[in-house]
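J.: This is the structure, below, for whatever I ask next.
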Amino acid sequence: MKRYSTAILYVGILVISLALVLAVFQMPIALSMTRLAEGAFGDKYGVSRTLVKATPLLLVALGMTIAWRAGMFNIGGEGQFLVGGLAAAALFQRVHDLPSWLLVPSMTIAAALGGAGYAMFAGWLAVRRGVNVVISTILLNFVAIQLLGWLTSGPLRENSQRIPQTEVLTSNARYFQWDRQIDLHAGAVLAPIAAIALWFWVYRTYPGLRLRVVGESPTAARSAKIDPKRIQLLAMAVSGALCGLAAATDYMGVTGSIDKGFSQQWGFLGIPVALVGGLHPLGCVGSAVYFGALLAGSESLSRFASSGPTFVYVVQGIAVLALVSVQSWRRKQEAASLA
Amino acid sequence: MNEALSVLMFAAPVSFAAIGDAIAQRSGVLNIGIEGQMLFGAFTAAIVAQSTGSPYLGIAASAIAGALFALLLGAISIGWNADQVVVGTAGTFVAIGATSTLYRQQFASTGQAITFPKLDNWGLFEPIAILTPIAAIIVALAMAKTWWGLRLRACGERPETLANFGKNPLRVRLAAMILAGALAGIGGGYLAIGVAEAFTENMTQGRGFVAIAMVTFGRWKPIWVLCACLAIGWLESLQFAAQAQGWNVPFQFLLAAPYFVALVVLALFGPGASAPASLGLPYRGPK
């Protein structure tokens, strides 16, 4: 019963936040919502746009979920995303003649490993040296941005291009596309698979239970003889791997090459998606589709309103603030009813 | 000399924000929303400077905007015990989205830009950037020598102890947030009015997060924090010299150096004794 009321609450907050933001920016609420829905789901182009945008959002959100659930406030999704993409690009530069069935999985794995390794550094700093993950991941984000600038203009640069960028992927290195008219690609299936796998891991296995215990109460974990450090390090590795996968879907499914502007803040945009998804793998699916739809729909909205996709960020922020406020109000009510 | 002053000027937005954030972090609040406070400051400063014709009123207004936004985020995270990282991140999204959308609706769509008069130039420097060392010294002295500073630091170390002495840690933290927000707002306002002389979408470009990083790099001491910000500014100015003189080091290495050094310092020495023990932990009443 409580689960359903929570779901209704979350959906209600999402819709109200959207209406509120539209009202504040003086956009006609009903008309805008219709346009958004049409742009996001109206035809196969819309559905494809929504799914393509929801894919990196969901993968990053899952990464945040797993880390935050273990008590590691990883906000370095952006850095892990960039390093993951760069790892895949580096592999492509070395072995770009391989057949597709070998190259695509290898590059996908390279991206995951790159992200995982980068996140584990922050994890290691936290568990061994007591460094706050928030701060170390912020620092690592800045290092990654410079790494991106250096690699795309130096070692990984394709010299025939005027603007510094990596070699454009050949078709044997790109995710399969069913329909040439739309941009939906096979990499999009990675996201729901990851969501289900993560849900199974966190809610149906003992390691997942241990992870939740570590995040909820490190003291309880220690008294149950669970070593929080190993679990937190593992959570960071998985988190970074998912951000790396998100980069693979963007790079090998959409952009096809990496330049200084790689990652449209995906690593950052995934954080509110995870929070609105209640830090639950399946909740993230719903929230990623919702925000993916808003981003896709806002493109058609921008034709008659001048705002463009930026108002979606406000919806994200307002929804999270409303949710945490309601949650703390509920906590207070519960505490009051206990007392 | 000229060059040193221009570094001071270009580093001033981050410096203001970082000095403010040192106050917030010392009180135990991990103020992730600083980027948002800077952006609202920048936007407000540009609007007010345009409508009143005074860049100084614009910067004053940016302090108010930053403080109000910090108060809002602080009310949720400190007053209602929500997670500081969650609230700060959400606040940053609200600020990026709201300022960009308002700017597009009011200015970009009609093709007019926000225009406002420049700050005065007193010979070598103008009067706002020079406030950063003054602010750092005042905050450092106040933290070390006043009752306010003692309460602030106690609040960041062990808020329970402060509560035992009859002081409300929540109030101390909220006050620290407001002050930090005002300084972040000034940082944003100066970025728009003094450095860029315009407002553009998402113009802070992560400077709020740089400020958070520099508080760590400066070991939570305001004067060191300012030095860390100046080091960043100096390296950024060096990249142009490096490119002009054809150095062999890629300039990205220079730009990454401060963050990398900060990581190495953290890895070698840990957060250290000056790191507030209760940083980021919500205070939920006496234990």
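Quick note on naming: the chains in the structure tokens go A, B, ... in the order shown, residues restart at 1 in each chain, and ligands are numbered from 1 in order of appearance.
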I need the chain A residues near chain B as a count of residues only; criterion: at most 8 Å, counting only C-alpha atoms.
T.: 37
J.: Within 9 Å of stretch 154-160 of chain A, counting only C-alpha atoms, which residues show up once you throw out same-chain ones fewer than 4 positions away? Write them as number ranges by chain, please.
T.: A: 86, 89-90, 93, 149-150, 164-168, 259; B: 250
J.: Using only C-alpha atoms, which residues sit within 9 Å of A:Ser300 once same-chain residues fewer than 3 positions away are excluded, as a PyMOL selection string?
T.: chain A and resi 35-36+38-40+296-297+303-304+308
J.: Would you pick out the contacts of A:Leu282 at 8 Å or less, using only C-alpha atoms, so that residues sharing its chain but fewer than 2 positions from it are not included, and give the list as a compact mmCIF listing (two decimals) with all heavy atoms, in the first residue's frame?
T.:
# COMPACT_ATOMS: atom_id res chain seq x y z
N ALA A 195 19.29 -1.88 -15.96
CA ALA A 195 18.35 -1.57 -14.87
C ALA A 195 17.85 -2.84 -14.20
O ALA A 195 17.81 -2.95 -12.98
CB ALA A 195 17.18 -0.75 -15.41
N ILE A 196 17.48 -3.83 -15.03
CA ILE A 196 16.94 -5.07 -14.46
C ILE A 196 18.04 -5.81 -13.70
O ILE A 196 17.83 -6.30 -12.59
CB ILE A 196 16.32 -5.94 -15.57
CG1 ILE A 196 15.06 -5.24 -16.10
CG2 ILE A 196 15.96 -7.32 -15.04
CD1 ILE A 196 14.56 -5.79 -17.41
N TRP A 199 18.61 -4.09 -10.45
CA TRP A 199 17.52 -4.33 -9.52
C TRP A 199 17.67 -5.70 -8.88
O TRP A 199 17.56 -5.85 -7.67
CB TRP A 199 16.18 -4.24 -10.24
CG TRP A 199 15.05 -4.74 -9.41
CD1 TRP A 199 14.41 -4.06 -8.41
CD2 TRP A 199 14.46 -6.04 -9.46
NE1 TRP A 199 13.46 -4.86 -7.84
CE2 TRP A 199 13.46 -6.09 -8.46
CE3 TRP A 199 14.68 -7.17 -10.24
CZ2 TRP A 199 12.69 -7.23 -8.23
CZ3 TRP A 199 13.90 -8.30 -10.02
CH2 TRP A 199 12.92 -8.31 -9.03
N GLY A 277 13.95 9.13 -9.42
CA GLY A 277 13.65 7.70 -9.47
C GLY A 277 13.73 7.03 -8.11
O GLY A 277 13.70 5.81 -8.02
N HIS A 280 16.07 3.97 -6.94
CA HIS A 280 15.65 2.59 -7.14
C HIS A 280 15.83 2.28 -8.63
O HIS A 280 15.38 3.07 -9.47
CB HIS A 280 14.19 2.44 -6.74
CG HIS A 280 13.70 1.02 -6.78
ND1 HIS A 280 13.56 0.33 -7.96
CD2 HIS A 280 13.34 0.17 -5.80
CE1 HIS A 280 13.14 -0.90 -7.69
NE2 HIS A 280 13.00 -1.01 -6.39
N CYS A 284 14.25 4.50 -11.64
CA CYS A 284 15.08 5.28 -12.56
C CYS A 284 14.60 5.12 -14.01
O CYS A 284 14.71 6.05 -14.80
CB CYS A 284 16.54 4.84 -12.48
SG CYS A 284 17.35 5.37 -10.98
N VAL A 285 14.08 3.93 -14.35
CA VAL A 285 13.61 3.71 -15.72
C VAL A 285 12.50 4.71 -16.02
O VAL A 285 12.53 5.43 -17.03
CB VAL A 285 13.10 2.27 -15.92
CG1 VAL A 285 12.56 2.09 -17.32
CG2 VAL A 285 14.22 1.28 -15.65
N GLY A 286 11.52 4.77 -15.10
CA GLY A 286 10.42 5.70 -15.31
C GLY A 286 10.90 7.14 -15.38
O GLY A 286 10.51 7.90 -16.28
J.: Write out as a PyMOL selection string all residues of stretch 12-139 of chain A that DSSP puts in helix (DSSP H, G or I) for this structure's backbone.
T.: chain A and resi 12-24+29-41+44-69+77-95+100-129+133-139
J.: Between A:Phe291, A:Phe121, A:Trp101, A:Trp201, which one has atoms that come closest to A:Asn172, using only C-alpha atoms?
T.: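 Nearest candidate to A:Asn172 out of A:Phe291, A:Phe121, A:Trp101, A:Trp201: A:Trp101.
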J.: For B:Asn202, which of B:Glu160, B:Ile130, B:Ser27, B:Gly188 is the closest residue, counting only C-alpha atoms?
T.: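 Selected residue with least distance to B:Asn202: B:Gly188.
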J.: Determine the nearest neighbour of A:Leu113 from the options A:Ala241, A:Ala19, A:Leu190, A:Leu151, counting only C-alpha atoms.
T.: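 Among the listed residues, the smallest separation from A:Leu113 belongs to A:Ala241.
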J.: Please measure the separation of atom CA of A:Gly76 and atom CA of A:Glu299, giving the value in Å to one decimal.
T.: 27.5 Å
J.: Which residues, written as a PyMOL selection string, have at least one atom at most 8 Å from B:Asp21, with only C-alpha atoms counted and residues fewer than 5 positions away on the same chain left out?
T.: chain B and resi 31+34+180+184+211-212+215
J.: Those same residues, written as a short mmCIF file (atom, residue, chain, number, x, y, z; two decimals), in the first residue's frame with N, CA, C and O atoms?
T.:
data_model
loop_
_atom_site.label_atom_id
_atom_site.label_comp_id
_atom_site.auth_asym_id
_atom_site.auth_seq_id
_atom_site.Cartn_x
_atom_site.Cartn_y
_atom_site.Cartn_z
N ASN B 31 28.26 23.07 0.63
CA ASN B 31 27.36 23.91 -0.15
C ASN B 31 27.56 23.66 -1.65
O ASN B 31 28.26 24.39 -2.33
N ILE B 34 26.56 26.23 -4.80
CA ILE B 34 27.29 27.49 -4.97
C ILE B 34 27.27 27.96 -6.43
O ILE B 34 27.17 29.15 -6.71
N ALA B 180 27.76 32.83 2.83
CA ALA B 180 28.42 32.17 1.70
C ALA B 180 27.68 32.47 0.40
O ALA B 180 28.31 32.74 -0.63
N ALA B 184 29.13 34.26 -2.87
CA ALA B 184 29.04 33.59 -4.17
C ALA B 184 28.30 34.46 -5.17
O ALA B 184 28.67 34.57 -6.34
N ALA B 211 35.33 26.56 -7.00
CA ALA B 211 35.44 27.17 -5.67
C ALA B 211 35.43 26.11 -4.58
O ALA B 211 36.23 26.16 -3.64
N ILE B 212 34.53 25.12 -4.73
CA ILE B 212 34.47 24.06 -3.72
C ILE B 212 35.81 23.33 -3.67
O ILE B 212 36.36 23.06 -2.60
N VAL B 215 38.51 25.33 -1.89
CA VAL B 215 38.42 25.36 -0.42
C VAL B 215 39.17 24.16 0.14
O VAL B 215 39.90 24.27 1.13
#
J.: Excluding B:Val48 and its own-chain neighbours fewer than 6 positions away, which residues fall within 12 Å of it when counting only C-alpha atoms? Please give them as a PyMOL selection string.
T.: chain B and resi 40-42+54-65+114-117+189+192-193+199
J.: Counting only C-alpha atoms, figure out which residue out of A:Leu169, A:Val202, A:Val134, A:Met72 gets nearest to A:His96.
T.: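 Smallest separation from A:His96 among the options: A:Leu169.
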J.: Hey, which of B:Trp234, B:Trp220, B:Phe240, B:Tyr190 ends up closest to B:Ala49? Count only C-alpha atoms.
T.: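 Among the listed residues, the smallest separation from B:Ala49 belongs to B:Tyr190.
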